[in-house]
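Undergrad: Contents are PDB, C-alpha atoms; file name entry.pdb:
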```
ATOM      1  CA  MET A   1      29.429 -24.595 -50.275
ATOM      2  CA  GLU A   2      26.467 -22.312 -49.603
ATOM      3  CA  LEU A   3      25.362 -19.539 -51.916
ATOM      4  CA  GLN A   4      22.911 -16.750 -51.173
ATOM      5  CA  LEU A   5      20.449 -16.166 -54.024
ATOM      6  CA  LEU A   6      18.777 -12.780 -54.476
ATOM      7  CA  ALA A   7      15.895 -12.084 -56.866
ATOM      8  CA  PHE A   8      14.796  -8.555 -57.724
ATOM      9  CA  ALA A   9      11.679  -6.990 -59.254
ATOM     10  CA  GLN A  10      10.047  -9.311 -61.832
ATOM     11  CA  ALA A  11      12.590 -12.033 -61.024
ATOM     12  CA  ARG A  12      11.180 -12.153 -57.506
ATOM     13  CA  ASP A  13       7.699 -12.813 -58.943
ATOM     14  CA  LEU A  14       9.096 -15.443 -61.298
ATOM     15  CA  PHE A  15      11.073 -17.398 -58.702
ATOM     16  CA  GLY A  16       8.845 -16.729 -55.714
ATOM     17  CA  PHE A  17      11.573 -15.568 -53.325
ATOM     18  CA  SER A  18      13.588 -12.444 -52.649
ATOM     19  CA  SER A  19      16.430 -14.353 -51.049
ATOM     20  CA  CYS A  20      17.282 -17.939 -50.228
ATOM     21  CA  THR A  21      20.330 -20.095 -49.624
ATOM     22  CA  VAL A  22      21.317 -23.081 -51.748
ATOM     23  CA  SER A  23      24.097 -25.651 -51.627
ATOM     24  CA  CYS A  24      26.278 -25.875 -54.718
ATOM     25  CA  ALA A  25      29.772 -26.684 -55.984
ATOM     26  CA  PRO A  26      32.308 -24.073 -57.194
ATOM     27  CA  GLY A  27      32.075 -25.526 -60.703
ATOM     28  CA  ASP A  28      28.316 -25.043 -60.903
ATOM     29  CA  SER A  29      27.075 -22.306 -63.204
ATOM     30  CA  PRO A  30      24.257 -19.916 -62.281
ATOM     31  CA  ARG A  31      22.195 -21.572 -65.022
ATOM     32  CA  ALA A  32      22.656 -25.030 -63.494
ATOM     33  CA  ILE A  33      21.853 -23.770 -59.989
ATOM     34  CA  LEU A  34      18.647 -22.041 -61.061
ATOM     35  CA  GLN A  35      17.543 -24.894 -63.296
ATOM     36  CA  ARG A  36      17.750 -27.210 -60.284
ATOM     37  CA  LEU A  37      15.607 -24.742 -58.358
ATOM     38  CA  ALA A  38      13.085 -23.836 -61.069
ATOM     39  CA  PRO A  39      13.518 -26.086 -64.141
ATOM     40  CA  THR A  40      11.034 -24.199 -66.314
ATOM     41  CA  ALA A  41      11.983 -20.631 -65.397
ATOM     42  CA  PRO A  42      12.973 -18.629 -68.506
ATOM     43  CA  LEU A  43      16.401 -17.050 -68.050
ATOM     44  CA  ALA A  44      16.820 -15.475 -71.479
ATOM     45  CA  HIS A  45      15.605 -11.998 -70.487
ATOM     46  CA  LEU A  46      17.361 -12.001 -67.125
ATOM     47  CA  ARG A  47      20.960 -11.135 -66.202
ATOM     48  CA  VAL A  48      23.001 -12.567 -63.384
ATOM     49  CA  ALA A  49      25.550 -11.081 -60.995
ATOM     50  CA  LEU A  50      28.068 -12.863 -58.785
ATOM     51  CA  ASP A  51      29.127 -10.892 -55.706
ATOM     52  CA  ALA A  52      27.605  -7.727 -57.220
ATOM     53  CA  GLU A  53      29.395  -7.972 -60.595
ATOM     54  CA  TYR A  54      27.682  -8.944 -63.844
ATOM     55  CA  ALA A  55      28.530 -12.494 -64.919
ATOM     56  CA  THR A  56      27.280 -14.877 -67.588
ATOM     57  CA  TRP A  57      24.812 -17.659 -66.937
ATOM     58  CA  ASP A  58      27.512 -20.208 -67.706
ATOM     59  CA  THR A  59      30.336 -18.763 -65.573
ATOM     60  CA  PRO A  60      31.216 -21.163 -62.733
ATOM     61  CA  VAL A  61      30.254 -19.506 -59.440
ATOM     62  CA  GLY A  62      33.680 -20.300 -57.953
ATOM     63  CA  ALA A  63      34.029 -18.799 -54.476
ATOM     64  CA  ALA A  64      31.153 -16.326 -54.885
ATOM     65  CA  ARG A  65      28.928 -15.902 -51.861
ATOM     66  CA  GLU A  66      26.014 -14.112 -53.535
ATOM     67  CA  LEU A  67      24.170 -14.673 -56.819
ATOM     68  CA  ALA A  68      21.666 -12.032 -57.913
ATOM     69  CA  ILE A  69      18.996 -12.502 -60.584
ATOM     70  CA  LEU A  70      18.427  -9.201 -62.372
ATOM     71  CA  PRO A  71      15.592  -8.269 -64.757
ATOM     72  CA  PRO A  72      16.170  -5.448 -67.271
ATOM     73  CA  VAL A  73      16.921  -2.283 -65.294
ATOM     74  CA  SER A  74      14.643   0.747 -65.319
ATOM     75  CA  GLY A  75      15.949   3.255 -62.808
ATOM     76  CA  GLY A  76      15.727   7.010 -62.927
TER
ATOM     77  CA  MET B   1      36.106  14.213 -58.720
ATOM     78  CA  GLN B   2      34.058  14.062 -55.572
ATOM     79  CA  ILE B   3      31.202  11.543 -55.847
ATOM     80  CA  ASP B   4      28.356  11.335 -53.318
ATOM     81  CA  LEU B   5      25.801   8.550 -53.798
ATOM     82  CA  HIS B   6      22.647   8.262 -51.727
ATOM     83  CA  PHE B   7      19.606   6.019 -51.729
ATOM     84  CA  THR B   8      16.674   7.131 -49.634
ATOM     85  CA  ALA B   9      13.303   5.653 -48.732
ATOM     86  CA  GLY B  10      11.822   9.079 -48.100
ATOM     87  CA  ARG B  11      11.164  12.149 -50.179
ATOM     88  CA  ILE B  12      14.340  13.540 -51.727
ATOM     89  CA  VAL B  13      15.494  16.569 -49.801
ATOM     90  CA  VAL B  14      17.817  18.577 -51.999
ATOM     91  CA  PRO B  15      20.816  19.733 -49.991
ATOM     92  CA  PRO B  16      21.765  23.388 -50.373
ATOM     93  CA  ALA B  17      24.346  23.923 -53.077
ATOM     94  CA  ALA B  18      27.824  24.858 -51.932
ATOM     95  CA  TRP B  19      30.923  25.401 -54.026
ATOM     96  CA  PRO B  20      33.994  23.424 -52.945
ATOM     97  CA  SER B  21      36.317  25.883 -54.643
ATOM     98  CA  ARG B  22      36.402  29.291 -56.278
ATOM     99  CA  GLU B  23      36.894  27.589 -59.638
ATOM    100  CA  ILE B  24      33.326  26.310 -59.875
ATOM    101  CA  GLY B  25      31.716  27.948 -62.882
ATOM    102  CA  ALA B  26      28.728  25.674 -63.483
ATOM    103  CA  CYS B  27      26.171  24.005 -61.253
ATOM    104  CA  LEU B  28      23.782  21.751 -63.133
ATOM    105  CA  GLU B  29      20.841  20.044 -61.436
ATOM    106  CA  PHE B  30      18.480  17.388 -62.784
ATOM    107  CA  GLN B  31      15.378  15.848 -61.251
ATOM    108  CA  GLY B  32      13.607  12.819 -62.657
ATOM    109  CA  ILE B  33       9.898  13.196 -61.835
ATOM    110  CA  VAL B  34       7.332  10.389 -61.769
ATOM    111  CA  ARG B  35       4.698  10.971 -64.471
ATOM    112  CA  GLU B  36       1.066   9.912 -64.281
ATOM    113  CA  GLY B  37       1.144   8.320 -67.730
ATOM    114  CA  GLU B  38       4.158   6.108 -67.075
ATOM    115  CA  GLY B  39       3.641   2.806 -68.917
ATOM    116  CA  GLY B  40       0.490   3.923 -70.714
ATOM    117  CA  ALA B  41      -2.120   3.848 -67.933
ATOM    118  CA  ALA B  42      -2.656   6.485 -65.250
ATOM    119  CA  VAL B  43      -0.782   5.544 -62.083
ATOM    120  CA  ALA B  44      -0.694   7.083 -58.608
ATOM    121  CA  GLY B  45       3.042   6.547 -58.455
ATOM    122  CA  LEU B  46       5.805   4.050 -59.056
ATOM    123  CA  PHE B  47       7.584   1.552 -56.831
ATOM    124  CA  TYR B  48      11.380   1.602 -57.005
ATOM    125  CA  GLU B  49      13.834  -0.975 -55.747
ATOM    126  CA  ALA B  50      17.576  -1.434 -56.107
ATOM    127  CA  TYR B  51      20.305  -3.980 -55.566
ATOM    128  CA  GLU B  52      22.023  -1.270 -53.651
ATOM    129  CA  PRO B  53      25.573  -2.601 -53.137
ATOM    130  CA  MET B  54      25.902  -3.347 -56.849
ATOM    131  CA  ALA B  55      24.187  -0.120 -57.890
ATOM    132  CA  ARG B  56      26.635   1.884 -55.755
ATOM    133  CA  ARG B  57      29.624   0.025 -57.153
ATOM    134  CA  LEU B  58      28.521   0.487 -60.788
ATOM    135  CA  LEU B  59      27.531   4.130 -60.341
ATOM    136  CA  GLU B  60      30.888   4.952 -58.777
ATOM    137  CA  ARG B  61      32.717   3.142 -61.605
ATOM    138  CA  HIS B  62      30.639   4.747 -64.360
ATOM    139  CA  LEU B  63      30.954   8.231 -62.890
ATOM    140  CA  ARG B  64      34.743   7.829 -62.553
ATOM    141  CA  GLU B  65      34.955   6.790 -66.218
ATOM    142  CA  MET B  66      32.732   9.679 -67.304
ATOM    143  CA  GLY B  67      34.694  12.081 -65.141
ATOM    144  CA  ALA B  68      37.858  11.106 -67.018
ATOM    145  CA  ARG B  69      36.176  12.057 -70.312
ATOM    146  CA  HIS B  70      34.293  15.093 -68.978
ATOM    147  CA  PRO B  71      36.337  16.493 -66.080
ATOM    148  CA  CYS B  72      34.025  17.808 -63.365
ATOM    149  CA  THR B  73      34.564  18.689 -59.728
ATOM    150  CA  ALA B  74      31.687  16.968 -57.939
ATOM    151  CA  VAL B  75      28.625  14.805 -58.521
ATOM    152  CA  LEU B  76      25.775  14.356 -56.081
ATOM    153  CA  PHE B  77      23.433  11.455 -56.910
ATOM    154  CA  ILE B  78      20.281  10.721 -54.916
ATOM    155  CA  HIS B  79      17.801   7.974 -55.895
ATOM    156  CA  ARG B  80      14.587   7.407 -54.009
ATOM    157  CA  LEU B  81      13.391   3.839 -53.330
ATOM    158  CA  GLY B  82       9.977   2.475 -52.395
ATOM    159  CA  PHE B  83       6.778   4.204 -53.511
ATOM    160  CA  VAL B  84       7.232   7.563 -55.247
ATOM    161  CA  PRO B  85       3.965   9.446 -55.945
ATOM    162  CA  VAL B  86       3.289  11.168 -59.253
ATOM    163  CA  GLY B  87       4.837  14.619 -59.289
ATOM    164  CA  GLU B  88       7.666  13.764 -56.897
ATOM    165  CA  ALA B  89      11.289  13.159 -57.770
ATOM    166  CA  SER B  90      12.718   9.665 -57.987
ATOM    167  CA  LEU B  91      16.163  10.957 -58.965
ATOM    168  CA  PHE B  92      18.269  14.011 -58.238
ATOM    169  CA  LEU B  93      21.647  14.761 -59.775
ATOM    170  CA  ARG B  94      23.864  17.783 -59.248
ATOM    171  CA  VAL B  95      27.084  18.262 -61.188
ATOM    172  CA  LEU B  96      29.648  20.957 -60.423
ATOM    173  CA  SER B  97      32.395  21.900 -62.841
ATOM    174  CA  ALA B  98      34.543  24.763 -63.967
ATOM    175  CA  HIS B  99      32.782  24.987 -67.349
ATOM    176  CA  ARG B 100      29.225  24.206 -68.437
ATOM    177  CA  GLY B 101      30.206  21.896 -71.304
ATOM    178  CA  GLU B 102      31.713  19.222 -69.062
ATOM    179  CA  ALA B 103      28.810  19.346 -66.614
ATOM    180  CA  LEU B 104      26.204  19.071 -69.384
ATOM    181  CA  ALA B 105      28.046  16.162 -71.010
ATOM    182  CA  LEU B 106      28.582  14.292 -67.763
ATOM    183  CA  LEU B 107      24.972  14.749 -66.645
ATOM    184  CA  ALA B 108      23.573  13.453 -69.944
ATOM    185  CA  ALA B 109      25.961  10.497 -69.960
ATOM    186  CA  ALA B 110      25.198   9.645 -66.330
ATOM    187  CA  VAL B 111      21.422   9.517 -66.832
ATOM    188  CA  ASP B 112      21.797   7.462 -70.030
ATOM    189  CA  ARG B 113      24.141   5.016 -68.348
ATOM    190  CA  LEU B 114      21.885   4.704 -65.309
ATOM    191  CA  LYS B 115      19.228   3.242 -67.582
ATOM    192  CA  GLN B 116      21.581   0.721 -69.194
ATOM    193  CA  ASP B 117      22.956  -1.486 -66.459
ATOM    194  CA  VAL B 118      22.612  -0.005 -62.965
ATOM    195  CA  PRO B 119      20.400  -2.434 -61.011
ATOM    196  CA  ILE B 120      17.471  -0.189 -60.135
ATOM    197  CA  TRP B 121      13.900  -1.049 -61.123
ATOM    198  CA  LYS B 122      10.572   0.706 -61.217
ATOM    199  CA  ARG B 123       7.120  -0.792 -61.552
ATOM    200  CA  SER B 124       3.559   0.401 -61.276
ATOM    201  CA  THR B 125       2.388  -2.382 -58.951
ATOM    202  CA  PRO B 126       3.802  -3.109 -55.514
ATOM    203  CA  PRO B 127       6.429  -5.845 -55.662
ATOM    204  CA  ALA B 128       5.742  -8.936 -53.583
ATOM    205  CA  GLY B 129       7.455  -8.738 -50.239
ATOM    206  CA  LEU B 130       7.943  -4.982 -50.273
TER
END
```
Would it be possible to restate this file's structure as structure tokens?

TA:
Amino acid sequence: MELQLLAFAQARDLFGFSSCTVSCAPGDSPRAILQRLAPTAPLAHLRVALDAEYATWDTPVGAARELAILPPVSGG
Amino acid sequence: MQIDLHFTAGRIVVPPAAWPSREIGACLEFQGIVREGEGGAAVAGLFYEAYEPMARRLLERHLREMGARHPCTAVLFIHRLGFVPVGEASLFLRVLSAHRGEALALLAAAVDRLKQDVPIWKRSTPPAGL
């Protein structure tokens, strides 16, 4: 299956893309997908969303179509 | 509760206030203004970006939850994206309610919650690709 990855703010600087598409399996976790893409990228201070809902780094992506990498928010 | 959410790339234009019923007793407005000293060093402005579909979904959910605790009639939320110069508003909120207490409580809760988990970011340097 194909999954759209989105990276925002400092995560875009860290990963070097704002969006890209990767191939993965439904049982893959966001952590596993990103570690294949950028093995040394630190994930501890980042959050992840699947189809625009917060998820954990170890939740299988299942049928999600979009994975977003989210630095700490600072709106307002 | 009526909820209107807007994201805009341009300067926030505050719509004229109108009362949806004769039971409106309080109209509370808040603007978040970009400060020169944001982050310690003098800046000309800040760059804002959002994961807009998720931000809309979370804002709607949070405002519904807050509206259950602090019953209000209407909320208008406008957040500016892109570069916002010092002295201009990045955020506008208007809350209408029958009584001031609910509007004050909902406004305070909404701004606090915005800064907890709604995917909007500001930075003093232009993000790559924007």

Undergrad: Pull out every residue that the PyMOL selection byres ((chain A) within 10 of (chain B)) matches in the shown coordinates and put them as a ChimeraX atom specification.

TA: /A:6-10,12-13,16-18,47,49-54,68-76

Undergrad: Work out how far atom CA of Thr8 of chain B is from atom CA of Gly45 of chain B, in Å to one decimal.

TA: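 Interatomic distance here is 16.2 Å.
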
Undergrad: Here's the selection I'm unsure about, the PyMOL selection byres ((chain B and resi 64) around 12); applied to the file above, which residues does it give, as number ranges by chain?

TA: B: 1-4, 57-63, 65-75, 106, 109-110

Undergrad: The selected residues should be written to file as an mmCIF file, in the coordinates of the input (atoms: C-alpha atoms).

TA:
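Output (again06.cif):
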```
data_model
loop_
_atom_site.group_PDB
_atom_site.id
_atom_site.type_symbol
_atom_site.label_atom_id
_atom_site.label_comp_id
_atom_site.auth_asym_id
_atom_site.auth_seq_id
_atom_site.Cartn_x
_atom_site.Cartn_y
_atom_site.Cartn_z
ATOM 1 C CA MET B 1 36.106 14.213 -58.720
ATOM 2 C CA GLN B 2 34.058 14.062 -55.572
ATOM 3 C CA ILE B 3 31.202 11.543 -55.847
ATOM 4 C CA ASP B 4 28.356 11.335 -53.318
ATOM 5 C CA ARG B 57 29.624 0.025 -57.153
ATOM 6 C CA LEU B 58 28.521 0.487 -60.788
ATOM 7 C CA LEU B 59 27.531 4.130 -60.341
ATOM 8 C CA GLU B 60 30.888 4.952 -58.777
ATOM 9 C CA ARG B 61 32.717 3.142 -61.605
ATOM 10 C CA HIS B 62 30.639 4.747 -64.360
ATOM 11 C CA LEU B 63 30.954 8.231 -62.890
ATOM 12 C CA GLU B 65 34.955 6.790 -66.218
ATOM 13 C CA MET B 66 32.732 9.679 -67.304
ATOM 14 C CA GLY B 67 34.694 12.081 -65.141
ATOM 15 C CA ALA B 68 37.858 11.106 -67.018
ATOM 16 C CA ARG B 69 36.176 12.057 -70.312
ATOM 17 C CA HIS B 70 34.293 15.093 -68.978
ATOM 18 C CA PRO B 71 36.337 16.493 -66.080
ATOM 19 C CA CYS B 72 34.025 17.808 -63.365
ATOM 20 C CA THR B 73 34.564 18.689 -59.728
ATOM 21 C CA ALA B 74 31.687 16.968 -57.939
ATOM 22 C CA VAL B 75 28.625 14.805 -58.521
ATOM 23 C CA LEU B 106 28.582 14.292 -67.763
ATOM 24 C CA ALA B 109 25.961 10.497 -69.960
ATOM 25 C CA ALA B 110 25.198 9.645 -66.330
#
```

Undergrad: Skip Cys27 of chain B itself and residues of its chain fewer than 6 positions away, then list as a list of chain:residue names all residues within 8 Å of it, counting only C-alpha atoms.

TA: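 Once the adjacent positions are removed, what remains is B:Arg94, B:Val95, B:Leu96, B:Ser97, B:Arg100, B:Ala103.
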
Undergrad: Please put the answer as JSON: centre and edge lengths, in Å with one decimal, of a box along x, y and z that encloses all listed atoms of segment 91-102 of chain B plus 4 Å on each side.

TA:
```
{"center_x": 25.4, "center_y": 18.0, "center_z": -64.8, "size_x": 26.4, "size_y": 22.0, "size_z": 21.1}
```

Undergrad: Hey, what comes out of the PyMOL selection byres ((chain A and resi 23) around 6) on this file? Could you write it as a list in words?

TA: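 Evaluating the PyMOL selection byres ((chain A and resi 23) around 6) on these coordinates yields Met1, Glu2, Val22 and Cys24 of chain A.
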
Undergrad: Which one of B:Leu76, B:Gly87, B:Leu107, B:His99 sits closest to Phe7 of chain B if you count all atoms listed in the file?

TA: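 Nearest candidate to Phe7 of chain B out of B:Leu76, B:Gly87, B:Leu107, B:His99: B:Leu76.
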
Undergrad: Counting all atoms listed in the file, which residue out of A:Ile33, A:Trp57, A:Gly27, A:Arg65 sits closest to Gln4 of chain A?

TA: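 Smallest separation from Gln4 of chain A among the options: A:Arg65.
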
Undergrad: Which of these residues is nearest to Gly25 of chain B, using all atoms listed in the file: B:Ala41, B:Ala108, B:Ala9, B:Ala98?

TA: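 Ranking B:Ala41, B:Ala108, B:Ala9, B:Ala98 by distance to Gly25 of chain B, first place goes to B:Ala98.
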
Undergrad: Taking all atoms listed in the file into account, which of A:Ala11, A:Glu66, A:Asp28, A:Thr21 comes nearest Ala41 of chain A?

TA: A:Ala11

Undergrad: Figure out the distance between atom CA of His45 of chain A and atom CA of Ser124 of chain B, please, to one decimal in Å.

TA: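 That distance, rounded to one decimal, is 19.6 Å.
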
Undergrad: Within 9 Å of Pro26 of chain A, counting only C-alpha atoms, which residues qualify if same-chain residues fewer than 5 places away don't, as a ChimeraX atom specification?

TA: /A:1,60-64

Undergrad: Could you state the separation of atom CA of Cys20 of chain A and atom CA of Phe83 of chain B in Å, given to one decimal place?

TA: 24.7 Å

Undergrad: My list of candidates is A:Leu3, A:Leu37, A:Pro42, A:Leu67. Which is closest to Ala25 of chain A when distances are computed with only C-alpha atoms?

TA: A:Leu3
